[in-house]
file upload19.cif (mmCIF, C-alpha atoms)
data_protein
#
loop_
_atom_site.label_atom_id
_atom_site.label_comp_id
_atom_site.auth_asym_id
_atom_site.auth_seq_id
_atom_site.Cartn_x
_atom_site.Cartn_y
_atom_site.Cartn_z
CA MET A 1 121.91 137.17 94.99
CA LYS A 2 119.03 137.52 92.62
CA ASN A 3 116.59 135.47 94.73
CA LYS A 4 117.16 137.50 97.84
CA GLU A 5 116.44 140.72 96.03
CA MET A 6 113.32 139.44 94.30
CA THR A 7 110.29 141.61 94.96
CA TYR A 8 106.80 140.29 94.45
CA THR A 9 104.77 142.85 92.53
CA ASN A 10 101.79 140.96 91.16
CA ASN A 11 99.71 140.55 94.31
CA TYR A 12 99.72 136.77 94.10
CA ILE A 13 100.51 136.82 97.80
CA ASP A 14 100.30 139.36 100.63
CA GLN A 15 103.70 138.51 102.08
CA SER A 16 107.07 139.62 100.76
CA ARG A 17 109.50 136.91 99.74
CA ALA A 18 111.47 137.58 102.96
CA GLU A 19 108.34 137.09 105.06
CA LEU A 20 107.56 133.90 103.15
CA LEU A 21 111.02 132.56 103.95
CA THR A 22 110.45 133.21 107.66
CA ILE A 23 107.09 131.43 107.55
CA ILE A 24 108.27 128.31 105.74
CA HIS A 25 111.47 128.16 107.78
CA SER A 26 109.28 127.87 110.89
CA LYS A 27 107.37 124.95 109.37
CA MET A 28 110.18 122.65 108.35
CA SER A 29 113.59 121.26 109.19
CA GLU A 30 116.68 123.16 108.11
CA LYS A 31 117.37 120.37 105.60
CA ARG A 32 113.98 120.74 103.93
CA PHE A 33 114.27 124.54 104.01
CA GLN A 34 117.55 124.32 102.09
CA HIS A 35 115.93 121.87 99.64
CA THR A 36 113.12 124.39 99.15
CA LEU A 37 115.58 127.17 98.34
CA ARG A 38 117.30 124.94 95.79
CA VAL A 39 113.95 124.08 94.19
CA GLU A 40 113.18 127.79 93.94
CA LYS A 41 116.53 128.47 92.30
CA VAL A 42 115.97 125.79 89.65
CA ALA A 43 112.33 126.84 89.22
CA LEU A 44 113.42 130.41 88.44
CA GLN A 45 115.95 129.16 85.89
CA LEU A 46 113.30 126.99 84.23
CA ALA A 47 110.77 129.84 84.24
CA GLU A 48 113.24 132.16 82.52
CA LEU A 49 114.26 129.50 80.04
CA HIS A 50 110.74 128.42 79.09
CA GLY A 51 108.84 131.70 79.37
CA GLY A 52 107.18 131.00 82.71
CA ASP A 53 106.10 133.54 85.33
CA VAL A 54 109.12 133.91 87.63
CA GLU A 55 107.07 135.30 90.48
CA LYS A 56 104.62 132.39 90.41
CA ALA A 57 107.58 130.03 90.10
CA SER A 58 109.20 131.54 93.19
CA ILE A 59 106.04 131.47 95.32
CA ALA A 60 105.03 127.96 94.28
CA ALA A 61 108.55 126.64 94.81
CA LEU A 62 108.86 128.17 98.28
CA LEU A 63 105.46 126.76 99.25
CA HIS A 64 105.57 123.36 97.53
CA ASP A 65 106.49 121.46 100.72
CA TYR A 66 104.40 123.70 103.03
CA ALA A 67 102.48 120.71 104.42
CA LYS A 68 105.22 118.09 104.19
CA GLU A 69 106.11 117.92 107.87
CA LEU A 70 102.56 117.84 109.22
CA PRO A 71 101.58 114.71 111.13
CA ASP A 72 99.79 112.10 109.00
CA TYR A 73 96.54 112.47 110.92
CA VAL A 74 96.36 116.20 110.18
CA MET A 75 96.85 115.57 106.47
CA SER A 76 94.39 112.68 106.31
CA ASP A 77 91.80 114.75 108.22
CA ARG A 78 92.06 117.49 105.63
CA ILE A 79 91.80 115.01 102.75
CA ILE A 80 88.51 113.86 104.28
CA THR A 81 87.07 117.26 105.23
CA GLU A 82 88.03 118.85 101.88
CA ASN A 83 86.27 116.07 99.93
CA MET A 84 89.46 115.10 98.15
CA ASP A 85 89.81 111.67 96.56
CA LEU A 86 89.65 109.38 99.61
CA ASP A 87 91.47 106.66 97.69
CA MET A 88 94.57 108.77 98.24
CA LEU A 89 94.55 107.55 101.84
CA ASN A 90 95.37 104.03 100.60
CA TYR A 91 98.57 105.12 98.90
CA GLY A 92 100.84 106.50 101.57
CA ASN A 93 101.59 109.91 102.99
CA ALA A 94 104.23 110.82 100.39
CA ILE A 95 101.50 111.94 97.99
CA TRP A 96 99.28 113.73 100.54
CA HIS A 97 101.27 116.87 101.25
CA GLY A 98 100.81 118.35 97.77
CA PRO A 99 97.00 118.58 97.73
CA VAL A 100 96.86 119.38 101.46
CA GLY A 101 99.56 122.03 101.09
CA ALA A 102 97.54 123.80 98.39
CA VAL A 103 94.52 123.97 100.72
CA LEU A 104 96.57 125.32 103.63
CA VAL A 105 98.44 127.88 101.55
CA ASN A 106 95.11 129.22 100.37
CA GLU A 107 93.62 129.22 103.86
CA GLU A 108 96.57 130.45 105.92
CA LEU A 109 98.40 132.73 103.49
CA GLY A 110 95.48 133.86 101.33
CA VAL A 111 97.02 132.66 98.06
CA ASN A 112 94.24 132.15 95.54
CA ASP A 113 96.06 132.09 92.24
CA GLU A 114 94.95 128.82 90.64
CA GLU A 115 98.23 128.25 88.85
CA ILE A 116 100.26 128.54 92.07
CA LEU A 117 97.82 126.38 94.03
CA SER A 118 97.67 123.65 91.41
CA ALA A 119 101.47 123.64 91.11
CA ILE A 120 101.67 122.94 94.86
CA ALA A 121 98.84 120.39 94.70
CA GLN A 122 100.25 118.54 91.70
CA HIS A 123 103.93 118.40 92.60
CA THR A 124 103.62 115.00 94.28
CA ILE A 125 101.97 113.05 91.46
CA GLY A 126 101.59 115.34 88.47
CA ALA A 127 98.28 115.65 86.63
CA PRO A 128 96.82 114.99 83.19
CA LYS A 129 96.84 118.75 82.54
CA MET A 130 99.55 120.86 84.12
CA SER A 131 100.10 124.58 83.79
CA LEU A 132 103.54 125.90 82.92
CA THR A 133 104.18 126.77 86.58
CA SER A 134 103.04 123.32 87.64
CA GLN A 135 105.43 121.69 85.18
CA ILE A 136 108.24 123.92 86.42
CA ILE A 137 107.75 122.98 90.08
CA PHE A 138 107.27 119.29 89.28
CA VAL A 139 110.56 119.17 87.40
CA ALA A 140 112.53 121.54 89.65
CA ASP A 141 111.73 119.37 92.66
CA TYR A 142 113.07 116.34 90.77
CA ILE A 143 116.31 117.83 89.47
CA GLU A 144 117.41 120.32 92.15
CA PRO A 145 121.22 120.21 92.46
CA GLU A 146 121.38 117.89 95.49
CA ARG A 147 119.26 115.19 93.85
CA ASP A 148 121.49 112.26 93.09
CA PHE A 149 120.13 109.20 91.29
CA PRO A 150 121.08 107.54 88.01
CA GLU A 151 118.41 109.24 85.88
CA VAL A 152 118.82 112.80 87.17
CA LYS A 153 121.44 113.75 84.58
CA GLU A 154 119.13 112.87 81.71
CA ALA A 155 116.28 114.71 83.46
CA ARG A 156 118.42 117.86 83.74
CA THR A 157 119.37 117.67 80.06
CA LEU A 158 115.72 117.26 79.03
CA ALA A 159 114.60 120.11 81.30
CA LYS A 160 116.81 122.50 79.37
CA LYS A 161 115.46 121.35 76.01
CA SER A 162 111.79 120.71 76.71
CA LEU A 163 109.84 121.09 79.91
CA LYS A 164 107.15 118.69 78.70
CA GLN A 165 109.67 116.01 77.84
CA ALA A 166 111.16 116.45 81.31
CA VAL A 167 107.74 116.12 82.98
CA PHE A 168 107.02 112.97 81.00
CA TYR A 169 110.46 111.52 81.75
CA GLU A 170 109.97 112.17 85.46
CA MET A 171 106.55 110.49 85.44
CA ARG A 172 107.95 107.43 83.66
CA GLN A 173 110.99 107.11 85.91
CA THR A 174 108.92 107.57 89.05
CA LEU A 175 106.52 104.81 88.03
CA MET A 176 109.36 102.45 87.11
CA HIS A 177 111.15 103.24 90.37
CA LEU A 178 108.04 102.34 92.37
CA ILE A 179 107.56 99.09 90.42
CA LYS A 180 111.22 98.14 90.86
CA GLN A 181 110.75 98.66 94.61
CA ASN A 182 107.50 96.62 94.66
CA LYS A 183 105.51 99.64 95.85
CA ILE A 184 101.82 100.24 95.27
CA ILE A 185 101.01 103.04 92.85
CA TYR A 186 98.24 105.62 93.25
CA PRO A 187 95.90 105.13 90.25
CA LYS A 188 95.85 108.86 89.53
CA SER A 189 99.61 108.73 88.90
CA LEU A 190 98.89 106.26 86.10
CA GLU A 191 96.07 108.48 84.84
CA SER A 192 98.56 111.36 84.57
CA TYR A 193 101.12 109.15 82.84
CA ASN A 194 98.54 107.90 80.30
CA ALA A 195 97.43 111.46 79.50
CA TRP A 196 101.03 112.51 78.97
CA VAL A 197 101.74 109.56 76.67
CA SER A 198 99.04 110.89 74.33
CA ARG A 199 100.23 114.49 74.62
CA ILE A 200 103.88 113.66 73.90
CA GLU A 201 102.90 111.40 70.99
CA LYS A 202 100.87 114.18 69.38
CA GLU A 203 103.85 116.55 69.54
CA ARG A 204 106.16 114.18 67.72
CA MET B 1 103.75 62.08 73.76
CA LYS B 2 101.84 62.70 76.94
CA ASN B 3 99.82 65.65 75.58
CA LYS B 4 98.58 63.73 72.58
CA GLU B 5 97.35 60.89 74.72
CA MET B 6 95.65 63.11 77.26
CA THR B 7 91.99 62.23 77.74
CA TYR B 8 89.57 64.69 79.28
CA THR B 9 87.49 62.89 81.90
CA ASN B 10 86.01 65.66 84.03
CA ASN B 11 83.32 67.00 81.70
CA TYR B 12 84.77 70.51 81.69
CA ILE B 13 84.25 70.42 77.93
CA ASP B 14 82.24 68.30 75.47
CA GLN B 15 85.06 67.98 72.96
CA SER B 16 88.02 65.65 73.20
CA ARG B 17 91.48 67.19 73.20
CA ALA B 18 91.91 66.08 69.56
CA GLU B 19 88.67 67.81 68.57
CA LEU B 20 89.76 70.93 70.43
CA LEU B 21 93.02 70.96 68.48
CA THR B 22 91.09 70.82 65.22
CA ILE B 23 88.83 73.69 66.30
CA ILE B 24 91.59 76.03 67.41
CA HIS B 25 93.78 75.15 64.45
CA SER B 26 90.97 76.42 62.20
CA LYS B 27 90.83 79.71 64.08
CA MET B 28 94.46 80.79 64.01
CA SER B 29 97.67 80.89 62.03
CA GLU B 30 100.05 77.93 62.18
CA LYS B 31 102.46 80.10 64.14
CA ARG B 32 99.90 80.89 66.82
CA PHE B 33 98.76 77.25 66.89
CA GLN B 34 102.32 76.14 67.63
CA HIS B 35 102.58 78.84 70.32
CA THR B 36 99.35 77.51 71.84
CA LEU B 37 100.77 73.96 71.97
CA ARG B 38 103.90 75.24 73.70
CA VAL B 39 101.80 77.15 76.24
CA GLU B 40 99.86 73.96 76.94
CA LYS B 41 103.08 72.01 77.46
CA VAL B 42 104.40 74.54 79.98
CA ALA B 43 100.98 74.85 81.63
CA LEU B 44 100.89 71.07 82.22
CA GLN B 45 104.37 71.17 83.73
CA LEU B 46 103.39 74.03 86.03
CA ALA B 47 100.13 72.29 87.00
CA GLU B 48 102.01 69.14 87.97
CA LEU B 49 104.67 71.08 89.82
CA HIS B 50 102.27 73.29 91.79
CA GLY B 51 99.34 70.95 92.34
CA GLY B 52 97.04 72.42 89.70
CA ASP B 53 94.34 70.62 87.72
CA VAL B 54 96.12 69.32 84.59
CA GLU B 55 92.89 68.97 82.63
CA LYS B 56 91.84 72.55 83.33
CA ALA B 57 95.39 73.66 82.52
CA SER B 58 95.26 71.86 79.15
CA ILE B 59 91.84 73.22 78.17
CA ALA B 60 92.56 76.80 79.27
CA ALA B 61 95.95 76.76 77.55
CA LEU B 62 94.54 75.46 74.27
CA LEU B 63 91.78 78.06 74.37
CA HIS B 64 93.66 81.07 75.75
CA ASP B 65 94.11 82.71 72.32
CA TYR B 66 90.74 81.53 70.96
CA ALA B 67 89.69 85.11 70.08
CA LYS B 68 93.12 86.53 69.26
CA GLU B 69 92.75 86.62 65.48
CA LEU B 70 89.26 88.05 65.35
CA PRO B 71 88.90 91.45 63.69
CA ASP B 72 88.97 94.38 66.10
CA TYR B 73 85.36 95.35 65.37
CA VAL B 74 84.10 91.90 66.35
CA MET B 75 85.97 92.06 69.66
CA SER B 76 84.91 95.62 70.44
CA ASP B 77 81.28 94.75 69.60
CA ARG B 78 81.35 91.93 72.13
CA ILE B 79 82.96 94.15 74.78
CA ILE B 80 79.99 96.51 74.35
CA THR B 81 77.20 93.92 74.11
CA GLU B 82 78.56 91.89 77.06
CA ASN B 83 78.64 94.96 79.29
CA MET B 84 82.36 94.62 79.90
CA ASP B 85 84.44 97.57 81.06
CA LEU B 86 84.13 99.96 78.12
CA ASP B 87 87.32 101.71 79.18
CA MET B 88 89.10 98.64 77.77
CA LEU B 89 88.36 100.03 74.31
CA ASN B 90 90.74 102.94 75.01
CA TYR B 91 93.71 100.66 75.64
CA GLY B 92 94.33 98.72 72.45
CA ASN B 93 93.29 95.37 71.08
CA ALA B 94 96.11 93.40 72.73
CA ILE B 95 94.09 93.19 75.95
CA TRP B 96 90.67 92.50 74.37
CA HIS B 97 91.05 88.91 73.24
CA GLY B 98 91.23 87.48 76.77
CA PRO B 99 87.84 88.65 78.04
CA VAL B 100 86.21 88.19 74.62
CA GLY B 101 87.73 84.72 74.26
CA ALA B 102 86.20 83.63 77.56
CA VAL B 103 82.74 84.71 76.37
CA LEU B 104 83.09 82.90 73.03
CA VAL B 105 84.48 79.71 74.54
CA ASN B 106 81.46 79.60 76.81
CA GLU B 107 79.03 80.36 74.00
CA GLU B 108 80.50 78.29 71.18
CA LEU B 109 82.06 75.34 73.02
CA GLY B 110 79.80 75.24 76.06
CA VAL B 111 82.63 75.56 78.58
CA ASN B 112 81.20 76.87 81.84
CA ASP B 113 83.88 76.05 84.36
CA GLU B 114 84.61 79.39 86.03
CA GLU B 115 88.28 78.60 86.62
CA ILE B 116 88.90 77.82 82.96
CA LEU B 117 86.93 80.84 81.76
CA SER B 118 88.64 83.26 84.12
CA ALA B 119 92.05 81.87 83.16
CA ILE B 120 91.25 82.70 79.51
CA ALA B 121 89.77 86.08 80.42
CA GLN B 122 92.64 87.10 82.69
CA HIS B 123 95.62 85.95 80.64
CA THR B 124 96.05 89.34 78.96
CA ILE B 125 96.21 91.56 82.03
CA GLY B 126 96.02 89.37 85.13
CA ALA B 127 93.60 90.16 87.94
CA PRO B 128 93.66 91.09 91.62
CA LYS B 129 92.52 87.55 92.47
CA MET B 130 93.62 84.71 90.22
CA SER B 131 92.85 81.01 90.58
CA LEU B 132 95.67 78.48 90.36
CA THR B 133 94.73 77.70 86.73
CA SER B 134 94.64 81.39 85.90
CA GLN B 135 98.12 81.86 87.37
CA ILE B 136 99.37 78.84 85.42
CA ILE B 137 98.10 80.14 82.06
CA PHE B 138 99.27 83.70 82.75
CA VAL B 139 102.80 82.49 83.46
CA ALA B 140 102.94 79.71 80.82
CA ASP B 141 102.05 82.24 78.11
CA TYR B 142 104.93 84.44 79.29
CA ILE B 143 107.65 81.80 79.56
CA GLU B 144 106.84 79.26 76.82
CA PRO B 145 110.12 78.00 75.27
CA GLU B 146 110.13 80.29 72.23
CA ARG B 147 109.77 83.45 74.31
CA ASP B 148 113.03 85.33 74.15
CA PHE B 149 113.52 88.56 76.09
CA PRO B 150 116.02 89.53 78.79
CA GLU B 151 113.75 88.80 81.76
CA VAL B 152 112.41 85.42 80.63
CA LYS B 153 115.19 83.41 82.29
CA GLU B 154 114.42 84.89 85.68
CA ALA B 155 110.69 84.32 85.06
CA ARG B 156 111.33 80.63 84.31
CA THR B 157 113.41 80.22 87.45
CA LEU B 158 110.72 81.86 89.57
CA ALA B 159 107.96 79.76 87.97
CA LYS B 160 109.65 76.61 89.23
CA LYS B 161 109.97 77.96 92.75
CA SER B 162 106.75 79.92 93.24
CA LEU B 163 103.90 80.49 90.86
CA LYS B 164 102.80 83.62 92.74
CA GLN B 165 106.26 85.14 92.57
CA ALA B 166 106.28 84.42 88.84
CA VAL B 167 102.87 86.07 88.35
CA PHE B 168 104.03 89.13 90.27
CA TYR B 169 107.31 89.29 88.38
CA GLU B 170 105.45 89.11 85.06
CA MET B 171 103.07 91.90 86.08
CA ARG B 172 105.98 94.11 87.12
CA GLN B 173 108.04 93.45 83.99
CA THR B 174 105.05 93.98 81.73
CA LEU B 175 104.27 97.37 83.30
CA MET B 176 107.91 98.46 83.11
CA HIS B 177 108.13 97.29 79.51
CA LEU B 178 105.10 99.38 78.56
CA ILE B 179 106.47 102.44 80.36
CA LYS B 180 109.88 102.03 78.69
CA GLN B 181 108.07 101.95 75.34
CA ASN B 182 105.95 105.04 76.20
CA LYS B 183 102.73 103.01 75.92
CA ILE B 184 99.49 103.76 77.70
CA ILE B 185 98.53 101.30 80.43
CA TYR B 186 95.05 99.93 81.09
CA PRO B 187 94.15 101.05 84.65
CA LYS B 188 93.00 97.56 85.59
CA SER B 189 96.52 96.29 84.96
CA LEU B 190 97.69 98.65 87.68
CA GLU B 191 94.83 97.52 89.92
CA SER B 192 96.06 93.92 89.53
CA TYR B 193 99.65 94.95 90.22
CA ASN B 194 98.66 96.89 93.36
CA ALA B 195 96.67 93.93 94.70
CA TRP B 196 99.61 91.60 94.10
CA VAL B 197 102.04 93.95 95.87
CA SER B 198 99.95 93.54 99.02
CA ARG B 199 99.61 89.78 98.59
CA ILE B 200 103.32 89.19 98.03
CA GLU B 201 104.22 91.46 100.96
CA LYS B 202 101.97 89.49 103.30
CA GLU B 203 103.64 86.24 102.32
CA ARG B 204 107.12 87.47 103.16
#
call {"tool": "encode", "arguments": {"input": "upload19.cif", "output": "C-alpha cells"}}
result
Amino acid sequence: MKNKEMTYTNNYIDQSRAELLTIIHSKMSEKRFQHTLRVEKVALQLAELHGGDVEKASIAALLHDYAKELPDYVMSDRIITENMDLDMLNYGNAIWHGPVGAVLVNEELGVNDEEILSAIAQHTIGAPKMSLTSQIIFVADYIEPERDFPEVKEARTLAKKSLKQAVFYEMRQTLMHLIKQNKIIYPKSLESYNAWVSRIEKER
Amino acid sequence: MKNKEMTYTNNYIDQSRAELLTIIHSKMSEKRFQHTLRVEKVALQLAELHGGDVEKASIAALLHDYAKELPDYVMSDRIITENMDLDMLNYGNAIWHGPVGAVLVNEELGVNDEEILSAIAQHTIGAPKMSLTSQIIFVADYIEPERDFPEVKEARTLAKKSLKQAVFYEMRQTLMHLIKQNKIIYPKSLESYNAWVSRIEKER
C-alpha cells in the first residue's frame, strides 16, 4: 500500500499523487493506466535499490505516457512548434510521445524539474547522457511485471545488479528487435547506443 | 580457368587483368590476395546471374581491398585531405579502406568509372543507393567460399535469388553482429540500412 500513501513533499509538482492519478486516468485507457501504475511500482523499487529520488521516480513514472494517446497530428504539431528534431517525424509515432509528453507536463501541470522532464522525454529512445531518474524510468518501462518477451528475464536480473548495464542491455535489444523486424531506426537511437558503448567500456 | 583468360576490352582500366593481379599481389598478404581472388570468382558468378557487367565486377573485386593494408595514419590522412566525412575517423579503421581505396585506385591506376569506384568505396558499409556492381561486390565479399559464420548459408541462398535481398540481409546481420559484440556503429551504416528498409518494403 506504500504507493497509495506516498506524499510528495519536495514541490516538484503542485498536485498530490492522488490528484495526479485522477489526471492521468482521464488521459488514457484503463489498460495503459494499469501499465503506468506497474511502471511506477518498479521505478520506486529501482530508486530505492540504486539510490534514486523516489519522489521523482514516482512522478516521472506516472507521467511517462502522458502524451501517448494523443492523436498523431497533435504530437507532430508540437514537434514542429517546439523546434524539436524534425527528423523524428520520419520515424513513426512510437518515439514522439516522450518528448511531447515532457513539453505538455511542463505546460499543463507546471512541472519544471529537469530530471523529471528529461526522464519523460527520454523514455522512448534513451539518450547519450541520462540522469539516474531517466535511467530508472527507461528500465522500469521495459521490465514492468506484465512485460513478456524472451529477453525480459535477463533485463530484470541486470536491473537489480546495475542500472547502467540494464539501460545498455535495453538499448541493444531494442535495436536488434527493430532490425529483426526490418523496421527503420531513428538515428538518435543509434547515437544513444554508441555513447553507451563507450560509457560501459570505460567502466569495465 | 575462365578468370585467368579474361580480357578487359572496355577501357575501364589501362592494365590487363594479369597486370592488375601483379599490382594487388604486391600490396597485400598472400592470404588477402587469395581472398580477393575468391571475391572476384563470386562477383563474376553474381554478375552473370543478375545481368551485371562482368568486367566491372572483375576489376572492382580485384581492387576492393586495395587500401586495406595501409597504415592507419595514411588512411586517416586521406580521409582528411579528400574532405570525406570526418566522423568516419571515430568509427575504426575497418570502414576506412573502402572510401580511401576508391581514391587511390583512381589516382594510382587511373580508374575513373564511377560504378567501379563506388563499388570499392561502398563495400565496407554499403550505401543508401548502390549500383548493380556495388551490390555484387558488397555481397561477394560477404559470401566468398571461405567465409564461415552462421548466417552465410542463408546469405548465399538469397544471393542466388535476389541481389537486393542479399544486400539487405547482409546490412541487417552486420548491424546485429556489431550490437551483439557491443561495438559502436558508424551512423552512415544505419542511414544505408534505413534506406534499404524502405526500398525492400516497396518491392514487396
call {"tool": "residues_around", "arguments": {"input": "upload19.cif", "residues": "range 151-163 of chain A", "least_positions_apart": "2", "cutoff": "8 Å", "atoms": "all atoms listed in the file", "output": "number ranges by chain"}}
result
A: 46, 49-50, 135-136, 139, 142-143, 147-149, 165-167, 169-170, 173
call {"tool": "resolve_selection", "arguments": {"input": "upload19.cif", "expression": "the PyMOL selection byres ((chain A) within 10 of (chain B))", "output": "MDAnalysis selection string"}}
result
chainID A and resid 91 168:169 171:173 175:188 190:191 193:198 200:201
call {"tool": "resolve_selection", "arguments": {"input": "upload19.cif", "expression": "the PyMOL selection byres ((chain B and resi 95) around 10)", "output": "NGL selection string"}}
result
:B and (68 or 88-89 or 91-94 or 96-100 or 121-125 or 186 or 189)
call {"tool": "closest_residue", "arguments": {"input": "upload19.cif", "among": "A:Ala60, A:Met28, A:Ala18, A:Ala47", "to": "Leu132 in chain A", "atoms": "only C-alpha atoms"}}
result
A:Ala47
call {"tool": "resolve_selection", "arguments": {"input": "upload19.cif", "expression": "the PyMOL selection byres ((chain A and resi 69) around 12)", "output": "list in words"}}
result
Ile24, His25, Ser26, Lys27, Met28, Ser29, Glu30, Lys31, Arg32, Phe33, His64, Asp65, Tyr66, Ala67, Lys68, Leu70, Pro71, Asp72, Tyr73, Val74, Met75, Asn93, Ala94, Trp96, His97, Gly98, Val100 and Gly101 of chain A
call {"tool": "decode", "arguments": {"input": "upload19.cif", "residues": "range 140-148 of chain B", "atoms": "all heavy atoms", "output": "PDB file, in the first residue's frame"}}
result
ATOM      1  N   ALA B 140      29.500 -10.321 -52.638  1.00  0.00           N
ATOM      2  CA  ALA B 140      30.556 -11.312 -52.920  1.00  0.00           C
ATOM      3  C   ALA B 140      31.579 -11.344 -51.783  1.00  0.00           C
ATOM      4  O   ALA B 140      32.045 -12.418 -51.374  1.00  0.00           O
ATOM      5  CB  ALA B 140      31.241 -10.979 -54.245  1.00  0.00           C
ATOM      6  N   ASP B 141      31.902 -10.174 -51.251  1.00  0.00           N
ATOM      7  CA  ASP B 141      32.864 -10.073 -50.148  1.00  0.00           C
ATOM      8  C   ASP B 141      32.333 -10.782 -48.893  1.00  0.00           C
ATOM      9  O   ASP B 141      33.099 -11.317 -48.095  1.00  0.00           O
ATOM     10  CB  ASP B 141      33.114  -8.582 -49.852  1.00  0.00           C
ATOM     11  CG  ASP B 141      34.281  -8.347 -48.904  1.00  0.00           C
ATOM     12  OD1 ASP B 141      35.180  -9.201 -48.823  1.00  0.00           O
ATOM     13  OD2 ASP B 141      34.303  -7.288 -48.252  1.00  0.00           O
ATOM     14  N   TYR B 142      31.031 -10.807 -48.752  1.00  0.00           N
ATOM     15  CA  TYR B 142      30.381 -11.379 -47.560  1.00  0.00           C
ATOM     16  C   TYR B 142      30.229 -12.892 -47.659  1.00  0.00           C
ATOM     17  O   TYR B 142      30.269 -13.586 -46.651  1.00  0.00           O
ATOM     18  CB  TYR B 142      29.008 -10.718 -47.417  1.00  0.00           C
ATOM     19  CG  TYR B 142      28.236 -10.957 -46.141  1.00  0.00           C
ATOM     20  CD1 TYR B 142      28.706 -10.519 -44.905  1.00  0.00           C
ATOM     21  CD2 TYR B 142      26.986 -11.578 -46.166  1.00  0.00           C
ATOM     22  CE1 TYR B 142      27.975 -10.705 -43.742  1.00  0.00           C
ATOM     23  CE2 TYR B 142      26.233 -11.764 -45.010  1.00  0.00           C
ATOM     24  CZ  TYR B 142      26.736 -11.327 -43.802  1.00  0.00           C
ATOM     25  OH  TYR B 142      25.994 -11.504 -42.644  1.00  0.00           O
ATOM     26  N   ILE B 143      30.060 -13.383 -48.883  1.00  0.00           N
ATOM     27  CA  ILE B 143      29.727 -14.819 -49.031  1.00  0.00           C
ATOM     28  C   ILE B 143      30.812 -15.634 -49.711  1.00  0.00           C
ATOM     29  O   ILE B 143      30.587 -16.814 -50.019  1.00  0.00           O
ATOM     30  CB  ILE B 143      28.395 -15.009 -49.817  1.00  0.00           C
ATOM     31  CG1 ILE B 143      28.550 -14.541 -51.276  1.00  0.00           C
ATOM     32  CG2 ILE B 143      27.234 -14.310 -49.120  1.00  0.00           C
ATOM     33  CD1 ILE B 143      27.352 -14.909 -52.158  1.00  0.00           C
ATOM     34  N   GLU B 144      31.984 -15.056 -49.976  1.00  0.00           N
ATOM     35  CA  GLU B 144      33.009 -15.840 -50.695  1.00  0.00           C
ATOM     36  C   GLU B 144      33.229 -17.170 -49.963  1.00  0.00           C
ATOM     37  O   GLU B 144      33.015 -17.258 -48.750  1.00  0.00           O
ATOM     38  CB  GLU B 144      34.286 -15.000 -50.884  1.00  0.00           C
ATOM     39  CG  GLU B 144      34.966 -14.532 -49.617  1.00  0.00           C
ATOM     40  CD  GLU B 144      36.128 -15.445 -49.199  1.00  0.00           C
ATOM     41  OE1 GLU B 144      36.107 -16.641 -49.555  1.00  0.00           O
ATOM     42  OE2 GLU B 144      37.023 -14.956 -48.484  1.00  0.00           O
ATOM     43  N   PRO B 145      33.647 -18.222 -50.701  1.00  0.00           N
ATOM     44  CA  PRO B 145      33.571 -19.595 -50.170  1.00  0.00           C
ATOM     45  C   PRO B 145      34.245 -19.852 -48.830  1.00  0.00           C
ATOM     46  O   PRO B 145      33.828 -20.760 -48.109  1.00  0.00           O
ATOM     47  CB  PRO B 145      34.238 -20.436 -51.270  1.00  0.00           C
ATOM     48  CG  PRO B 145      34.317 -19.593 -52.481  1.00  0.00           C
ATOM     49  CD  PRO B 145      34.092 -18.179 -52.104  1.00  0.00           C
ATOM     50  N   GLU B 146      35.256 -19.066 -48.483  1.00  0.00           N
ATOM     51  CA  GLU B 146      35.920 -19.325 -47.193  1.00  0.00           C
ATOM     52  C   GLU B 146      35.245 -18.629 -46.016  1.00  0.00           C
ATOM     53  O   GLU B 146      35.651 -18.810 -44.866  1.00  0.00           O
ATOM     54  CB  GLU B 146      37.390 -18.889 -47.256  1.00  0.00           C
ATOM     55  CG  GLU B 146      38.261 -19.704 -48.208  1.00  0.00           C
ATOM     56  CD  GLU B 146      38.560 -21.107 -47.668  1.00  0.00           C
ATOM     57  OE1 GLU B 146      38.918 -21.238 -46.495  1.00  0.00           O
ATOM     58  OE2 GLU B 146      38.401 -22.074 -48.448  1.00  0.00           O
ATOM     59  N   ARG B 147      34.258 -17.803 -46.289  1.00  0.00           N
ATOM     60  CA  ARG B 147      33.522 -17.179 -45.180  1.00  0.00           C
ATOM     61  C   ARG B 147      32.763 -18.272 -44.432  1.00  0.00           C
ATOM     62  O   ARG B 147      32.135 -19.142 -45.057  1.00  0.00           O
ATOM     63  CB  ARG B 147      32.523 -16.133 -45.690  1.00  0.00           C
ATOM     64  CG  ARG B 147      33.145 -14.938 -46.383  1.00  0.00           C
ATOM     65  CD  ARG B 147      33.889 -14.033 -45.433  1.00  0.00           C
ATOM     66  NE  ARG B 147      34.194 -12.734 -46.040  1.00  0.00           N
ATOM     67  CZ  ARG B 147      35.146 -11.923 -45.607  1.00  0.00           C
ATOM     68  NH1 ARG B 147      35.905 -12.252 -44.580  1.00  0.00           N
ATOM     69  NH2 ARG B 147      35.357 -10.755 -46.193  1.00  0.00           N
ATOM     70  N   ASP B 148      32.823 -18.196 -43.118  1.00  0.00           N
ATOM     71  CA  ASP B 148      32.200 -19.260 -42.329  1.00  0.00           C
ATOM     72  C   ASP B 148      31.609 -18.662 -41.052  1.00  0.00           C
ATOM     73  O   ASP B 148      32.312 -18.463 -40.067  1.00  0.00           O
ATOM     74  CB  ASP B 148      33.260 -20.318 -41.988  1.00  0.00           C
ATOM     75  CG  ASP B 148      32.646 -21.502 -41.265  1.00  0.00           C
ATOM     76  OD1 ASP B 148      31.418 -21.700 -41.359  1.00  0.00           O
ATOM     77  OD2 ASP B 148      33.404 -22.221 -40.589  1.00  0.00           O
TER      78      ASP B 148
END
